[in-house]
$ cat data_12.cif   # mmCIF, C-alpha atoms
data_run
#
loop_
_atom_site.label_atom_id
_atom_site.label_comp_id
_atom_site.auth_asym_id
_atom_site.auth_seq_id
_atom_site.Cartn_x
_atom_site.Cartn_y
_atom_site.Cartn_z
CA MET X 1 68.69 115.36 117.21
CA ALA X 2 66.80 115.06 113.91
CA ASP X 3 69.54 117.04 112.17
CA GLU X 4 72.29 114.84 113.55
CA THR X 5 70.41 111.74 112.47
CA ARG X 6 70.11 113.09 108.96
CA GLU X 7 73.77 114.11 108.87
CA THR X 8 74.67 110.65 110.07
CA GLY X 9 72.71 108.95 107.37
CA ARG X 10 74.93 110.70 104.85
CA ALA X 11 78.24 109.47 106.24
CA GLY X 12 78.06 106.22 104.28
CA GLU X 13 76.42 107.84 101.27
CA GLY X 14 77.71 110.31 98.68
CA PRO X 15 80.15 109.55 95.86
CA PRO X 16 81.56 106.00 95.57
CA SER X 17 85.01 107.11 96.71
CA LYS X 18 83.52 108.57 99.91
CA GLN X 19 81.62 105.35 100.54
CA ALA X 20 84.84 103.39 99.94
CA VAL X 21 86.69 105.45 102.56
CA TYR X 22 83.86 105.07 105.04
CA GLY X 23 83.66 101.29 104.51
CA ALA X 24 87.43 100.87 104.74
CA ALA X 25 87.54 102.84 108.00
CA ILE X 26 84.84 100.64 109.56
CA ARG X 27 86.69 97.47 108.57
CA LEU X 28 90.13 98.65 109.68
CA PHE X 29 89.09 100.36 112.93
CA ALA X 30 87.11 97.24 113.90
CA ARG X 31 89.86 94.74 112.97
CA ASN X 32 93.03 96.58 113.95
CA GLY X 33 91.83 99.29 116.30
CA PHE X 34 91.64 103.06 115.83
CA ALA X 35 95.18 103.83 117.08
CA ALA X 36 96.79 101.12 114.95
CA THR X 37 95.10 102.26 111.72
CA GLY X 38 97.11 104.77 109.66
CA MET X 39 95.62 107.26 107.21
CA ARG X 40 97.82 105.93 104.40
CA GLU X 41 96.67 102.36 105.05
CA LEU X 42 93.10 103.59 105.05
CA ALA X 43 93.50 105.35 101.70
CA ARG X 44 95.13 102.22 100.25
CA GLU X 45 92.34 99.95 101.53
CA ALA X 46 89.75 102.33 100.07
CA GLY X 47 91.62 102.63 96.77
CA VAL X 48 91.72 106.44 96.89
CA ASN X 49 94.51 108.92 97.50
CA LEU X 50 95.26 110.37 100.91
CA ALA X 51 93.99 113.87 100.05
CA MET X 52 90.58 112.35 99.32
CA VAL X 53 90.27 110.95 102.87
CA ASN X 54 90.98 114.37 104.33
CA TYR X 55 88.65 116.05 101.87
CA PHE X 56 85.68 113.87 102.82
CA PHE X 57 86.14 113.53 106.57
CA GLY X 58 88.72 116.10 107.68
CA SER X 59 90.76 113.68 109.79
CA LYS X 60 90.90 110.17 111.19
CA LYS X 61 88.97 111.45 114.20
CA GLY X 62 86.37 112.98 111.89
CA LEU X 63 85.89 109.56 110.34
CA LEU X 64 85.56 107.95 113.75
CA LYS X 65 82.92 110.48 114.78
CA ALA X 66 80.96 109.91 111.56
CA ILE X 67 80.92 106.15 112.27
CA LEU X 68 79.89 106.61 115.90
CA GLU X 69 77.21 109.15 114.99
CA ASP X 70 75.83 106.71 112.46
CA TYR X 71 75.82 103.83 114.94
CA PHE X 72 74.30 105.68 117.89
CA SER X 73 71.61 107.43 115.85
CA GLY X 74 70.64 103.96 114.59
CA VAL X 75 70.33 102.69 118.17
CA THR X 76 68.28 105.77 119.05
CA LYS X 77 65.82 105.04 116.24
CA VAL X 78 65.46 101.45 117.42
CA LEU X 79 64.66 102.62 120.96
CA GLU X 80 62.23 105.27 119.70
CA ALA X 81 60.38 102.65 117.68
CA ASN X 82 60.14 100.04 120.42
CA LEU X 83 60.57 101.26 123.97
CA SER X 84 57.41 103.26 124.57
CA GLY X 85 53.81 102.21 124.18
CA PRO X 86 50.73 101.35 126.20
CA ASP X 87 51.63 97.68 126.74
CA PRO X 88 53.40 96.24 129.82
CA LEU X 89 57.09 97.02 130.45
CA GLU X 90 58.05 93.36 129.94
CA ASP X 91 56.66 93.32 126.39
CA ARG X 92 58.15 96.69 125.43
CA LEU X 93 61.49 95.66 126.87
CA HIS X 94 61.44 92.30 125.12
CA ARG X 95 60.83 93.72 121.65
CA THR X 96 63.38 96.49 122.31
CA VAL X 97 66.10 94.00 123.22
CA VAL X 98 65.30 91.83 120.19
CA ALA X 99 65.44 94.88 117.92
CA VAL X 100 68.68 96.21 119.46
CA ALA X 101 70.31 92.77 119.23
CA ARG X 102 69.35 92.54 115.54
CA TYR X 103 70.63 96.04 114.90
CA VAL X 104 73.93 95.19 116.59
CA GLN X 105 74.14 91.96 114.61
CA ALA X 106 73.76 93.95 111.37
CA ASN X 107 76.22 96.64 112.51
CA SER X 108 78.68 94.62 114.54
CA ASP X 109 81.83 96.35 113.23
CA LYS X 110 80.48 99.78 114.15
CA MET X 111 79.50 98.47 117.57
CA LEU X 112 82.98 97.01 118.11
CA ILE X 113 84.54 100.37 117.24
CA GLY X 114 82.29 102.12 119.75
CA LEU X 115 82.86 99.61 122.52
CA THR X 116 86.44 98.30 122.34
CA GLU X 117 88.07 101.75 122.16
CA LEU X 118 86.23 103.03 125.20
CA PRO X 119 89.07 102.80 127.75
CA HIS X 120 91.56 104.19 125.18
CA ASP X 121 89.58 107.11 123.79
CA ASP X 122 90.83 110.66 123.95
CA PRO X 123 88.69 112.99 126.12
CA ASP X 124 86.95 114.51 123.11
CA ILE X 125 85.73 111.12 121.88
CA THR X 126 84.78 109.98 125.38
CA GLU X 127 82.67 113.14 125.73
CA PHE X 128 81.09 112.50 122.33
CA LYS X 129 80.12 108.95 123.38
CA ALA X 130 78.93 110.17 126.78
CA GLN X 131 76.49 112.57 125.11
CA TRP X 132 74.97 109.71 123.16
CA PHE X 133 74.95 107.47 126.21
CA GLY X 134 73.16 110.23 128.12
CA ARG X 135 70.38 110.38 125.52
CA LEU X 136 69.94 106.61 125.37
CA HIS X 137 70.01 106.43 129.17
CA ALA X 138 67.27 109.07 129.40
CA MET X 139 65.11 107.10 126.98
CA PHE X 140 65.46 103.99 129.14
CA GLN X 141 64.76 106.02 132.29
CA ASP X 142 61.50 107.22 130.72
CA GLY X 143 60.62 103.67 129.74
CA PHE X 144 61.21 102.29 133.24
CA ARG X 145 60.10 105.16 135.47
CA ALA X 146 56.42 104.33 135.73
CA ALA X 147 56.62 100.54 135.59
CA ALA X 148 59.71 99.84 137.70
CA PRO X 149 60.99 102.99 139.41
CA HIS X 150 63.39 101.11 141.72
CA ILE X 151 65.35 99.45 138.89
CA PRO X 152 68.76 101.20 138.65
CA VAL X 153 68.74 101.95 134.91
CA GLY X 154 72.30 103.32 135.05
CA VAL X 155 73.40 99.83 136.07
CA ILE X 156 70.97 97.76 134.02
CA GLY X 157 71.64 99.76 130.83
CA PRO X 158 75.36 98.97 130.58
CA ALA X 159 74.56 95.38 131.60
CA LEU X 160 72.26 95.13 128.59
CA VAL X 161 74.94 96.57 126.32
CA GLY X 162 77.28 93.84 127.52
CA LEU X 163 74.69 91.11 127.00
CA VAL X 164 73.99 92.18 123.44
CA ALA X 165 77.56 93.00 122.44
CA SER X 166 79.67 90.27 124.00
CA ARG X 167 78.74 87.59 121.47
CA HIS X 168 80.26 89.74 118.72
CA LEU X 169 83.16 90.91 120.83
CA MET X 170 84.15 87.37 121.79
CA ARG X 171 83.54 85.83 118.37
CA PRO X 172 87.27 85.36 117.50
CA VAL X 173 87.80 83.05 120.48
CA VAL X 174 84.32 81.52 120.68
CA GLU X 175 84.43 80.31 117.07
CA ARG X 176 87.60 78.34 117.83
CA VAL X 177 85.85 76.46 120.61
CA ILE X 178 82.19 76.06 119.64
CA ASP X 179 80.98 73.94 116.73
CA PRO X 180 80.34 76.20 113.66
CA ASP X 181 76.89 74.71 113.01
CA MET X 182 75.88 75.46 116.56
CA GLN X 183 77.29 78.96 116.13
CA GLU X 184 75.04 79.59 113.15
CA THR X 185 71.96 78.32 114.96
CA ALA X 186 72.94 80.45 117.93
CA ASP X 187 73.36 83.58 115.77
CA ALA X 188 69.81 83.18 114.49
CA ALA X 189 68.39 82.49 117.96
CA TYR X 190 70.48 85.07 119.82
CA PRO X 191 68.21 88.15 119.75
CA GLU X 192 65.22 86.23 121.16
CA LEU X 193 67.32 84.27 123.64
CA ILE X 194 69.05 87.33 125.05
CA ALA X 195 65.74 89.22 125.22
CA ASP X 196 64.20 86.31 127.15
CA LEU X 197 67.16 86.17 129.52
CA PHE X 198 67.12 89.91 130.13
CA VAL X 199 63.37 90.25 130.56
CA TYR X 200 63.17 87.25 132.90
CA GLY X 201 66.04 88.79 134.81
CA VAL X 202 64.49 92.25 135.09
CA SER X 203 61.08 90.78 135.95
CA GLY X 204 62.72 88.81 138.73
CA LEU X 205 64.43 91.96 140.05
CA THR X 206 61.22 93.95 139.81
CA GLY X 207 59.12 91.45 141.73
CA ASN X 208 61.64 90.09 144.15
CA LEU X 209 64.50 92.53 144.52
CA GLY X 210 66.56 91.45 147.51
CA ASN X 211 64.29 88.49 148.05
CA ARG X 212 65.84 85.88 145.80
CA HIS X 213 65.37 82.82 147.95
CA ALA X 214 61.74 83.53 148.81
CA MET A 1 96.85 73.44 134.62
CA ALA A 2 98.28 73.53 138.14
CA ASP A 3 101.70 74.40 136.77
CA GLU A 4 100.39 77.24 134.67
CA THR A 5 98.49 78.62 137.62
CA ARG A 6 101.62 78.61 139.71
CA GLU A 7 103.69 80.21 136.94
CA THR A 8 101.01 82.87 136.60
CA GLY A 9 101.03 83.72 140.24
CA ARG A 10 104.68 84.65 139.84
CA ALA A 11 104.18 87.14 137.00
CA GLY A 12 103.46 89.97 139.40
CA GLU A 13 105.96 88.75 141.99
CA GLY A 14 109.75 88.63 141.99
CA PRO A 15 112.13 91.60 142.36
CA PRO A 16 110.59 95.09 142.70
CA SER A 17 111.74 96.11 139.21
CA LYS A 18 109.91 93.12 137.71
CA GLN A 19 106.78 94.01 139.64
CA ALA A 20 107.12 97.61 138.42
CA VAL A 21 107.28 96.46 134.78
CA TYR A 22 104.30 94.16 135.26
CA GLY A 23 102.21 96.88 136.93
CA ALA A 24 103.15 99.48 134.31
CA ALA A 25 102.18 97.10 131.50
CA ILE A 26 98.75 96.46 133.05
CA ARG A 27 98.12 100.20 133.43
CA LEU A 28 99.32 101.17 129.94
CA PHE A 29 97.77 98.27 128.02
CA ALA A 30 94.42 98.92 129.75
CA ARG A 31 94.50 102.72 129.24
CA ASN A 32 96.11 103.09 125.83
CA GLY A 33 95.76 99.65 124.27
CA PHE A 34 98.38 97.02 123.51
CA ALA A 35 99.25 98.29 120.01
CA ALA A 36 99.61 101.90 121.14
CA THR A 37 101.97 101.06 124.03
CA GLY A 38 105.65 101.20 123.18
CA MET A 39 108.39 99.29 125.01
CA ARG A 40 110.29 102.52 125.73
CA GLU A 41 107.18 104.12 127.23
CA LEU A 42 106.70 100.99 129.31
CA ALA A 43 110.24 101.07 130.65
CA ARG A 44 109.85 104.78 131.47
CA GLU A 45 106.55 104.24 133.27
CA ALA A 46 108.13 101.38 135.26
CA GLY A 47 111.25 103.41 136.02
CA VAL A 48 113.60 100.73 134.67
CA ASN A 49 115.74 100.51 131.54
CA LEU A 50 114.55 98.85 128.35
CA ALA A 51 116.89 95.85 128.67
CA MET A 52 115.21 95.02 131.99
CA VAL A 53 111.78 94.69 130.36
CA ASN A 54 113.17 92.23 127.81
CA TYR A 55 115.09 90.38 130.50
CA PHE A 56 112.01 89.76 132.63
CA PHE A 57 109.35 89.10 129.99
CA GLY A 58 111.13 88.53 126.65
CA SER A 59 108.88 90.85 124.65
CA LYS A 60 105.77 92.99 124.76
CA LYS A 61 103.80 89.91 123.72
CA GLY A 62 105.43 87.94 126.53
CA LEU A 63 104.18 90.55 128.97
CA LEU A 64 100.68 90.41 127.50
CA LYS A 65 100.63 86.62 127.85
CA ALA A 66 101.78 86.82 131.48
CA ILE A 67 98.93 89.24 132.25
CA LEU A 68 96.33 87.11 130.47
CA GLU A 69 97.61 83.92 132.10
CA ASP A 70 97.32 85.60 135.47
CA TYR A 71 93.81 86.86 134.79
CA PHE A 72 92.38 83.63 133.34
CA SER A 73 93.93 81.38 135.95
CA GLY A 74 92.28 83.60 138.56
CA VAL A 75 88.90 83.16 136.88
CA THR A 76 89.50 79.41 136.73
CA LYS A 77 90.11 79.29 140.48
CA VAL A 78 86.91 81.23 141.12
CA LEU A 79 84.91 78.77 139.01
CA GLU A 80 86.58 75.77 140.67
CA ALA A 81 85.69 77.10 144.09
CA ASN A 82 82.05 77.93 143.32
CA LEU A 83 80.52 76.20 140.34
CA SER A 84 80.24 72.61 141.50
CA GLY A 85 78.55 71.24 144.58
CA PRO A 86 75.52 69.25 145.66
CA ASP A 87 73.17 72.24 145.86
CA PRO A 88 70.76 73.40 143.12
CA LEU A 89 72.13 74.94 139.91
CA GLU A 90 70.54 78.32 140.74
CA ASP A 91 72.48 78.60 144.01
CA ARG A 92 75.77 77.46 142.53
CA LEU A 93 75.32 79.81 139.62
CA HIS A 94 74.42 82.73 141.85
CA ARG A 95 77.48 82.44 144.07
CA THR A 96 79.67 81.87 140.99
CA VAL A 97 78.45 85.06 139.32
CA VAL A 98 78.90 87.07 142.52
CA ALA A 99 82.44 85.72 142.93
CA VAL A 100 83.36 86.31 139.26
CA ALA A 101 81.95 89.85 139.38
CA ARG A 102 84.01 90.60 142.50
CA TYR A 103 87.11 89.12 140.91
CA VAL A 104 86.57 91.24 137.79
CA GLN A 105 86.00 94.32 139.97
CA ALA A 106 89.35 93.70 141.69
CA ASN A 107 91.13 92.98 138.39
CA SER A 108 89.33 95.30 136.01
CA ASP A 109 92.44 96.47 134.13
CA LYS A 110 93.48 92.89 133.36
CA MET A 111 89.94 92.10 132.26
CA LEU A 112 89.89 95.14 129.97
CA ILE A 113 93.15 94.01 128.37
CA GLY A 114 91.71 90.56 127.75
CA LEU A 115 88.42 91.80 126.35
CA THR A 116 88.99 95.04 124.42
CA GLU A 117 91.88 93.69 122.33
CA LEU A 118 89.93 90.63 121.20
CA PRO A 119 89.03 91.78 117.68
CA HIS A 120 92.56 93.19 117.17
CA ASP A 121 94.65 90.31 118.49
CA ASP A 122 97.22 88.52 116.38
CA PRO A 123 96.40 84.83 115.72
CA ASP A 124 98.82 83.61 118.38
CA ILE A 125 97.11 85.64 121.13
CA THR A 126 93.63 84.74 119.87
CA GLU A 127 94.63 81.06 120.10
CA PHE A 128 96.00 81.61 123.60
CA LYS A 129 92.72 83.18 124.72
CA ALA A 130 90.70 80.49 122.95
CA GLN A 131 92.49 77.80 124.96
CA TRP A 132 91.50 79.49 128.18
CA PHE A 133 87.99 80.10 126.94
CA GLY A 134 87.76 76.39 126.06
CA ARG A 135 88.66 75.38 129.61
CA LEU A 136 86.23 77.83 131.22
CA HIS A 137 83.52 76.78 128.78
CA ALA A 138 84.06 73.11 129.69
CA MET A 139 83.72 73.94 133.39
CA PHE A 140 80.39 75.68 132.73
CA GLN A 141 79.24 72.77 130.53
CA ASP A 142 79.91 70.39 133.41
CA GLY A 143 78.05 72.66 135.81
CA PHE A 144 74.97 72.89 133.57
CA ARG A 145 74.84 69.44 131.99
CA ALA A 146 72.82 67.63 134.63
CA ALA A 147 70.60 70.50 135.80
CA ALA A 148 69.80 72.26 132.53
CA PRO A 149 71.06 70.28 129.52
CA HIS A 150 69.15 72.37 126.96
CA ILE A 151 70.76 75.69 127.97
CA PRO A 152 73.25 76.66 125.21
CA VAL A 153 76.30 77.31 127.39
CA GLY A 154 78.33 78.53 124.39
CA VAL A 155 75.82 81.37 124.09
CA ILE A 156 75.08 81.97 127.75
CA GLY A 157 78.77 82.00 128.72
CA PRO A 158 79.79 84.97 126.57
CA ALA A 159 76.55 86.70 127.60
CA LEU A 160 77.64 86.40 131.23
CA VAL A 161 81.08 87.78 130.38
CA GLY A 162 79.37 90.80 128.84
CA LEU A 163 77.10 91.28 131.85
CA VAL A 164 79.97 91.22 134.31
CA ALA A 165 82.46 93.21 132.22
CA SER A 166 80.41 95.97 130.62
CA ARG A 167 80.14 98.10 133.74
CA HIS A 168 83.94 98.42 133.79
CA LEU A 169 84.24 98.72 130.04
CA MET A 170 81.72 101.56 129.86
CA ARG A 171 82.92 103.36 132.98
CA PRO A 172 84.55 106.31 131.13
CA VAL A 173 81.23 107.32 129.57
CA VAL A 174 78.89 106.16 132.34
CA GLU A 175 80.66 108.25 134.97
CA ARG A 176 80.02 111.39 132.92
CA VAL A 177 76.30 110.73 132.95
CA ILE A 178 75.42 109.03 136.24
CA ASP A 179 75.66 110.70 139.62
CA PRO A 180 78.97 109.69 141.34
CA ASP A 181 77.24 108.79 144.63
CA MET A 182 74.91 106.49 142.78
CA GLN A 183 77.90 105.03 140.97
CA GLU A 184 79.57 104.13 144.25
CA THR A 185 76.42 102.51 145.61
CA ALA A 186 76.06 100.66 142.32
CA ASP A 187 79.66 99.41 142.45
CA ALA A 188 79.03 97.88 145.85
CA ALA A 189 75.70 96.35 144.81
CA TYR A 190 76.77 95.24 141.33
CA PRO A 191 77.95 91.65 141.96
CA GLU A 192 74.70 90.68 143.74
CA LEU A 193 72.49 92.61 141.31
CA ILE A 194 74.05 91.06 138.24
CA ALA A 195 73.94 87.59 139.80
CA ASP A 196 70.23 88.07 140.55
CA LEU A 197 69.56 89.27 137.01
CA PHE A 198 71.47 86.39 135.45
CA VAL A 199 70.05 83.65 137.66
CA TYR A 200 66.47 84.91 137.25
CA GLY A 201 67.13 85.00 133.53
CA VAL A 202 68.56 81.49 133.33
CA SER A 203 65.83 80.11 135.60
CA GLY A 204 63.26 81.65 133.29
CA LEU A 205 64.92 80.07 130.26
CA THR A 206 65.19 76.72 132.01
CA GLY A 207 61.55 76.56 133.00
CA ASN A 208 59.92 78.29 130.08
CA LEU A 209 62.24 78.20 127.10
CA GLY A 210 60.24 79.28 124.07
CA ASN A 211 57.19 79.79 126.22
CA ARG A 212 57.68 83.32 127.50
CA HIS A 213 54.10 84.53 127.41
CA ALA A 214 52.63 81.47 129.14
#
$ encode --input "data_12.cif" --output "structure tokens"
Amino acid sequence: MADETRETGRAGEGPPSKQAVYGAAIRLFARNGFAATGMRELAREAGVNLAMVNYFFGSKKGLLKAILEDYFSGVTKVLEANLSGPDPLEDRLHRTVVAVARYVQANSDKMLIGLTELPHDDPDITEFKAQWFGRLHAMFQDGFRAAAPHIPVGVIGPALVGLVASRHLMRPVVERVIDPDMQETADAAYPELIADLFVYGVSGLTGNLGNRHA
Amino acid sequence: MADETRETGRAGEGPPSKQAVYGAAIRLFARNGFAATGMRELAREAGVNLAMVNYFFGSKKGLLKAILEDYFSGVTKVLEANLSGPDPLEDRLHRTVVAVARYVQANSDKMLIGLTELPHDDPDITEFKAQWFGRLHAMFQDGFRAAAPHIPVGVIGPALVGLVASRHLMRPVVERVIDPDMQETADAAYPELIADLFVYGVSGLTGNLGNRHA
């Protein structure tokens, strides 16, 4: 995993023209979708010629994998830094959710690429994402096992992804309805708010599963 | 709104060939994405000729709008039936989340079309979704105003969408990692589980906002 993380770190580095291609791909895949983005359009947006795109990343799919690798290895680092420790599950979980939400906020285009294409991915990309999901899932399993063994992490994990991601996913419609000032305040408060909501929720499930009205 | 709801109900009705086009569009838009689905492919999948697709729905965008109208008017009905009432906010919210989660489970392809295309939509479709979001948001505002006026519904609403939707969105990768038996159990338990998580979370925020460690 260390090797992949290092490899990933390089995807957005290297010569300026490589960085330009990488940045253009993130913007276009996130705005227009992977399928709707053409290699020629990508080269134009990056201000390089088509051969350059192929030289740096092999193919459009190679570019997509570099972006996903980058994104998921970032999430992995956030979990590694926050999820384990000697303190209670609630505290570890709270700081993990805050950190993940901030990471997603800072990498929202990469997150959108990873999430919105999911039902449309080809099998190779689905498998690639599933391998990352498997690793992240295992980390959460380890975090929960001792403190809350009856919590179904395979259900709670995707729920958390949705909680953290949906604000960014829904932004185009939300910003037409909600006051922009309130939006800005909400952006700043979101990581803490969503961590509170999630940790209260999980604590409730842990203590009272199936016993809501008690 | 009543008229639109009625119109919507008809999108999937009418002559068998119209139903076939409507069903094919839901399947293809959800699997391959709106941009990647061609009108010819759609006609082939529906087993009708191309002129028929145009005759029934005008255009690919017309089809998309019919699907979205159908989906959002269904959500509206679920909220209307569950969100208001004389009982405590927690109970109204719990049964609303359960009902929405079941509705989404039964209409997951339509939901995926509405959600995954969001960052890629053209302005006309974004505006169309924003109008629906505005209505649903207002219904939640009304539900919360008296019982929990300080809860930021514009933040909590999208969070709930993410909670309910992400299980379906992430299914292609989750089902490669999680045991299928457990998946089936989780599908059955999901609406209640997610409602518990959300209502515990909101109750925590309501009683202790900014005071988590007290």
$ residues_around --input "data_12.cif" --residues "range 166-183 of chain A" --least-positions-apart "5" --cutoff "9 Å" --atoms "only C-alpha atoms" --output "CSV table (one decimal) with C-alpha atoms, in the frame of the given file"
chain,number,residue,atom,x,y,z
X,115,LEU,CA,82.9,99.6,122.5
X,116,THR,CA,86.4,98.3,122.3
X,118,LEU,CA,86.2,103.0,125.2
X,119,PRO,CA,89.1,102.8,127.8
X,121,ASP,CA,89.6,107.1,123.8
X,126,THR,CA,84.8,110.0,125.4
X,127,GLU,CA,82.7,113.1,125.7
X,128,PHE,CA,81.1,112.5,122.3
X,129,LYS,CA,80.1,109.0,123.4
X,130,ALA,CA,78.9,110.2,126.8
X,131,GLN,CA,76.5,112.6,125.1
X,133,PHE,CA,75.0,107.5,126.2
X,134,GLY,CA,73.2,110.2,128.1
X,137,HIS,CA,70.0,106.4,129.2
X,154,GLY,CA,72.3,103.3,135.0
X,155,VAL,CA,73.4,99.8,136.1
X,158,PRO,CA,75.4,99.0,130.6
X,159,ALA,CA,74.6,95.4,131.6
X,160,LEU,CA,72.3,95.1,128.6
X,161,VAL,CA,74.9,96.6,126.3
X,162,GLY,CA,77.3,93.8,127.5
X,163,LEU,CA,74.7,91.1,127.0
X,166,SER,CA,79.7,90.3,124.0
A,104,VAL,CA,86.6,91.2,137.8
A,105,GLN,CA,86.0,94.3,140.0
A,108,SER,CA,89.3,95.3,136.0
A,109,ASP,CA,92.4,96.5,134.1
A,111,MET,CA,89.9,92.1,132.3
A,112,LEU,CA,89.9,95.1,130.0
A,115,LEU,CA,88.4,91.8,126.4
A,116,THR,CA,89.0,95.0,124.4
A,161,VAL,CA,81.1,87.8,130.4
A,188,ALA,CA,79.0,97.9,145.8
A,190,TYR,CA,76.8,95.2,141.3
$ closest_residue --input "data_12.cif" --among "A:Leu193, A:Ala43, A:Ala146, A:Ala165" --to "Pro88 in chain A" --atoms "only C-alpha atoms"
A:Ala146
$ closest_residue --input "data_12.cif" --among "X:Ile125, X:Met39, X:Ala195, X:Ile151" --to "Ala51 in chain X" --atoms "all atoms listed in the file"
X:Met39
$ atom_distance --input "data_12.cif" --atom1 "CA of Gly201 in chain A" --atom2 "CA of His94 in chain A"
11.3 Å
$ resolve_selection --input "data_12.cif" --expression "the PyMOL selection byres ((chain X and resi 81) around 12)" --output "NGL selection string"
:X and (74-80 or 82-85 or 92-93 or 95-97 or 99-100 or 139)
$ atom_distance --input "data_12.cif" --atom1 "CA of Leu64 in chain A" --atom2 "CA of Ala35 in chain X"
17.9 Å
$ axis_aligned_box --input "data_12.cif" --around "range 50-59 of chain X" --padding-each-side "8 Å" --output "JSON"
{"center_x": 90.5, "center_y": 113.2, "center_z": 104.6, "size_x": 25.6, "size_y": 21.7, "size_z": 26.5}
$ closest_residue --input "data_12.cif" --among "X:Tyr103, X:Phe144, X:Trp132, X:Tyr55" --to "chain A" --atoms "only C-alpha atoms"
X:Trp132
$ resolve_selection --input "data_12.cif" --expression "the PyMOL selection byres ((chain A and resi 63) around 10)" --output "list in words"
Ala11, Val21, Tyr22, Ala25, Ile26, Val53, Asn54, Phe56, Phe57, Gly58, Ser59, Lys60, Lys61, Gly62, Leu64, Lys65, Ala66, Ile67, Leu68 and Glu69 of chain A
$ resolve_selection --input "data_12.cif" --expression "the PyMOL selection byres ((chain X and resi 47) around 12)" --output "PDB file with C-alpha atoms, in the coordinates of the input"
ATOM      1  CA  PRO X  16      81.560 106.000  95.570  1.00  0.00           C
ATOM      2  CA  SER X  17      85.010 107.110  96.710  1.00  0.00           C
ATOM      3  CA  LYS X  18      83.520 108.570  99.910  1.00  0.00           C
ATOM      4  CA  GLN X  19      81.620 105.350 100.540  1.00  0.00           C
ATOM      5  CA  ALA X  20      84.840 103.390  99.940  1.00  0.00           C
ATOM      6  CA  VAL X  21      86.690 105.450 102.560  1.00  0.00           C
ATOM      7  CA  TYR X  22      83.860 105.070 105.040  1.00  0.00           C
ATOM      8  CA  GLY X  23      83.660 101.290 104.510  1.00  0.00           C
ATOM      9  CA  ALA X  24      87.430 100.870 104.740  1.00  0.00           C
ATOM     10  CA  ALA X  25      87.540 102.840 108.000  1.00  0.00           C
ATOM     11  CA  ARG X  40      97.820 105.930 104.400  1.00  0.00           C
ATOM     12  CA  GLU X  41      96.670 102.360 105.050  1.00  0.00           C
ATOM     13  CA  LEU X  42      93.100 103.590 105.050  1.00  0.00           C
ATOM     14  CA  ALA X  43      93.500 105.350 101.700  1.00  0.00           C
ATOM     15  CA  ARG X  44      95.130 102.220 100.250  1.00  0.00           C
ATOM     16  CA  GLU X  45      92.340  99.950 101.530  1.00  0.00           C
ATOM     17  CA  ALA X  46      89.750 102.330 100.070  1.00  0.00           C
ATOM     18  CA  VAL X  48      91.720 106.440  96.890  1.00  0.00           C
ATOM     19  CA  ASN X  49      94.510 108.920  97.500  1.00  0.00           C
ATOM     20  CA  LEU X  50      95.260 110.370 100.910  1.00  0.00           C
ATOM     21  CA  ALA X  51      93.990 113.870 100.050  1.00  0.00           C
ATOM     22  CA  MET X  52      90.580 112.350  99.320  1.00  0.00           C
ATOM     23  CA  VAL X  53      90.270 110.950 102.870  1.00  0.00           C
TER      24      VAL X  53
END
$ closest_residue --input "data_12.cif" --among "X:Leu89, X:Val98, X:Ala147, X:Ile156" --to "chain A" --atoms "only C-alpha atoms"
X:Ile156
$ atom_distance --input "data_12.cif" --atom1 "CA of Pro86 in chain X" --atom2 "CA of Phe72 in chain X"
25.4 Å
$ residues_around --input "data_12.cif" --residues "Ile113 in chain X" --least-positions-apart "4" --cutoff "7 Å" --atoms "all atoms listed in the file" --output "list in words"
Phe29, Ala30, Asp109 and Glu117 of chain X
$ closest_residue --input "data_12.cif" --among "A:Phe140, A:Gly204, A:Gly157, A:Pro149" --to "chain X" --atoms "only C-alpha atoms"
A:Gly204
